[in-house]
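Everything below belongs to work.tsv, which stores TSV, C-alpha atoms.
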```tsv
chain	number	residue	atom	x	y	z
A	146	MET	CA	128.12	192.79	232.57
A	147	PRO	CA	129.64	189.87	230.61
A	148	LEU	CA	132.54	190.48	228.28
A	149	LEU	CA	132.10	190.01	224.55
A	150	ASP	CA	134.80	188.02	222.87
A	151	ILE	CA	135.34	187.40	219.16
A	152	TYR	CA	133.71	183.96	219.42
A	153	SER	CA	130.52	185.44	220.91
A	154	LEU	CA	130.43	188.23	218.33
A	155	ARG	CA	130.79	185.88	215.38
A	156	ASN	CA	128.27	183.36	216.66
A	157	SER	CA	125.75	186.09	217.43
A	158	GLY	CA	126.10	187.73	214.03
A	159	LEU	CA	127.52	190.86	215.62
A	160	ASP	CA	130.82	190.95	213.77
A	161	GLY	CA	130.01	193.94	211.59
A	162	ILE	CA	127.41	195.60	209.47
A	163	GLU	CA	127.08	194.43	205.91
A	164	SER	CA	125.20	196.71	203.58
A	165	GLN	CA	125.26	197.72	199.96
A	166	PRO	CA	125.74	201.33	198.92
A	167	ILE	CA	122.65	203.22	197.83
A	168	VAL	CA	122.74	203.30	194.04
A	169	SER	CA	119.87	204.62	191.94
A	170	GLN	CA	118.83	203.58	188.46
A	171	GLY	CA	121.08	205.26	185.89
A	172	ASP	CA	123.94	205.86	188.34
A	173	ILE	CA	127.38	205.17	186.90
A	174	ILE	CA	129.16	202.68	189.13
A	175	ALA	CA	132.49	202.62	187.28
A	176	ARG	CA	134.00	204.45	184.33
A	177	ASN	CA	137.27	204.60	182.44
A	178	SER	CA	137.58	206.84	179.41
A	179	PHE	CA	141.26	206.08	178.78
A	180	GLY	CA	142.03	203.75	175.90
A	181	PHE	CA	143.94	200.49	175.91
A	182	THR	CA	145.50	198.77	172.91
A	183	TRP	CA	146.71	195.16	172.78
A	184	SER	CA	148.53	193.37	169.97
A	185	GLY	CA	148.62	189.79	171.23
A	186	THR	CA	146.64	186.75	170.08
A	187	THR	CA	145.65	185.67	173.59
A	188	LEU	CA	142.74	187.20	175.48
A	189	VAL	CA	144.06	189.50	178.22
A	190	GLU	CA	142.29	191.43	180.95
A	191	VAL	CA	142.50	195.12	180.11
A	192	TRP	CA	140.12	196.49	182.75
A	193	SER	CA	138.34	195.32	185.88
A	194	THR	CA	136.19	196.59	188.70
A	195	MET	CA	134.20	195.11	191.57
A	196	SER	CA	130.40	195.20	191.61
A	197	PRO	CA	129.27	197.06	194.74
A	198	ILE	CA	125.65	195.89	194.41
A	199	ASN	CA	123.38	193.00	193.42
A	200	GLY	CA	121.39	193.47	190.25
A	201	THR	CA	121.46	194.06	186.52
A	202	LEU	CA	124.22	196.35	185.32
A	203	ARG	CA	124.77	197.85	181.88
A	204	CYS	CA	128.31	197.24	180.69
A	205	ALA	CA	129.28	199.57	177.84
A	206	PHE	CA	132.50	199.99	175.88
A	207	THR	CA	133.84	201.13	172.52
A	208	PHE	CA	135.88	198.47	170.72
A	209	TYR	CA	137.68	198.22	167.42
A	210	GLY	CA	140.29	196.17	165.62
A	211	ASN	CA	142.95	198.27	163.93
A	212	GLY	CA	143.55	197.07	160.38
A	213	GLY	CA	141.52	193.88	160.50
A	214	VAL	CA	141.44	191.43	157.61
A	215	ALA	CA	138.47	189.16	156.84
A	216	GLY	CA	138.74	186.12	159.08
A	217	TYR	CA	141.08	187.89	161.52
A	218	ALA	CA	138.75	190.01	163.64
A	219	SER	CA	139.88	191.36	166.99
A	220	ARG	CA	137.80	190.14	169.93
A	221	ALA	CA	136.44	191.47	173.22
A	222	GLN	CA	134.35	189.89	175.97
A	223	ILE	CA	132.98	190.74	179.43
A	224	TYR	CA	134.07	188.26	182.10
A	225	LYS	CA	132.62	187.70	185.57
A	226	ASN	CA	134.98	186.41	188.26
A	227	SER	CA	137.55	185.41	185.60
A	228	GLN	CA	135.01	183.37	183.60
A	229	PRO	CA	133.55	184.31	180.17
A	230	TYR	CA	130.14	185.89	180.75
A	231	GLY	CA	129.13	188.33	178.02
A	232	VAL	CA	128.92	188.07	174.24
A	233	TYR	CA	132.18	187.26	172.41
A	234	ARG	CA	132.45	190.43	170.29
A	235	ALA	CA	134.30	190.90	166.99
A	236	SER	CA	135.57	194.00	165.21
A	237	GLN	CA	137.76	194.46	162.16
A	238	SER	CA	138.04	198.20	161.71
A	239	GLU	CA	135.54	200.90	162.69
A	240	PRO	CA	134.93	201.66	166.39
A	241	VAL	CA	131.67	200.11	167.61
A	242	ASN	CA	129.83	200.89	170.86
A	243	PHE	CA	128.71	197.73	172.62
A	244	LEU	CA	126.12	197.46	175.43
A	245	GLU	CA	125.32	194.42	177.52
A	246	ASP	CA	122.87	194.14	180.41
A	247	LEU	CA	124.21	191.50	182.77
A	248	LYS	CA	123.40	190.32	186.31
A	249	PHE	CA	126.01	190.61	189.05
A	250	GLU	CA	126.19	190.11	192.80
A	251	ALA	CA	127.97	192.46	195.19
A	252	GLY	CA	131.64	191.51	195.20
A	253	ASP	CA	131.67	190.00	191.70
A	254	LYS	CA	134.67	190.99	189.61
A	255	ILE	CA	133.63	192.57	186.29
A	256	GLN	CA	136.38	192.34	183.68
A	257	LEU	CA	136.93	193.16	180.02
A	258	TYR	CA	139.22	190.93	177.97
A	259	VAL	CA	140.50	191.66	174.44
A	260	LYS	CA	142.76	190.10	171.80
A	261	ALA	CA	144.09	191.24	168.44
A	262	GLY	CA	142.99	189.56	165.22
A	263	TYR	CA	146.26	189.43	163.29
A	264	PRO	CA	149.17	190.96	165.25
A	265	GLU	CA	151.77	189.45	162.90
A	266	ALA	CA	150.69	192.07	160.34
A	267	GLY	CA	150.79	194.87	162.91
A	268	TYR	CA	147.08	194.77	163.77
A	269	SER	CA	145.82	195.43	167.28
A	270	ALA	CA	142.64	195.63	169.35
A	271	SER	CA	141.65	198.87	171.08
A	272	VAL	CA	139.03	199.59	173.71
A	273	ASN	CA	137.93	202.78	175.49
A	274	ASN	CA	134.93	204.55	177.04
A	275	LEU	CA	134.20	201.75	179.50
A	276	SER	CA	131.31	202.25	181.90
A	277	ILE	CA	129.14	200.23	184.28
A	278	THR	CA	125.68	201.67	185.01
A	279	LYS	CA	122.88	200.44	187.29
A	280	LEU	CA	119.66	199.59	185.45
```

Take the structure I supplied and represent it as structure tokens, if you would.
Amino acid sequence: MPLLDIYSLRNSGLDGIESQPIVSQGDIIARNSFGFTWSGTTLVEVWSTMSPINGTLRCAFTFYGNGGVAGYASRAQIYKNSQPYGVYRASQSEPVNFLEDLKFEAGDKIQLYVKAGYPEAGYSASVNNLSITKL
């Protein structure tokens, strides 16, 4: 019987089994109920996870700017693989629940970025109740 070396395995496609986990519609893929508050004027990544599957995922989060002033809204946005991907959201005071249905491939990095609207006056941006659900 011939020996199998790494070259033979790779060239024969025998170097491992690649499969996606079984995820049903409505299954929560990732969740974080802890809050995060940021008081800087630059967008920063406050949360990230890796997509385990291909398909459309519902990204949900609660976002609010603490003490916003007209023209100085706090911002939040979903990123994919460190690039802006979702809607550039704004909030000045009350917590708002946002939902976005976005397409991802297995291995894509799903991130949430936020920035404060007017930190010089003590304002900040807060986010919590993050979840990723399969549609």

Identify, on the basis of only C-alpha atoms, every residue whose closest approach to region 198-212 of chain A does not exceed 8 Å; exclude the query and any residue fewer than 3 positions from it along the same chain; express the result as a count of residues only.
40

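Closest approach to Pro197 (chain A) among A:Glu265, A:Tyr233, A:Tyr258, A:Ile173: A:Ile173, based on all atoms listed in the file.
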
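You will find CA of Ser227 (chain A) at 8.2 Å from CA of Ile255 (chain A).
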
note - CA of Gly231 (chain A) and CA of Thr187 (chain A) are separated by 17.3 Å

Near Ile223 (chain A), counting all atoms listed in the file, which residues have an atom at most 6 Å away, once you skip same-chain residues fewer than 3 positions from it, shown as a PyMOL selection string?
chain A and resi 230-231+256-257

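Note that CA of Tyr217 (chain A) and CA of Arg176 (chain A) are 29.1 Å apart.
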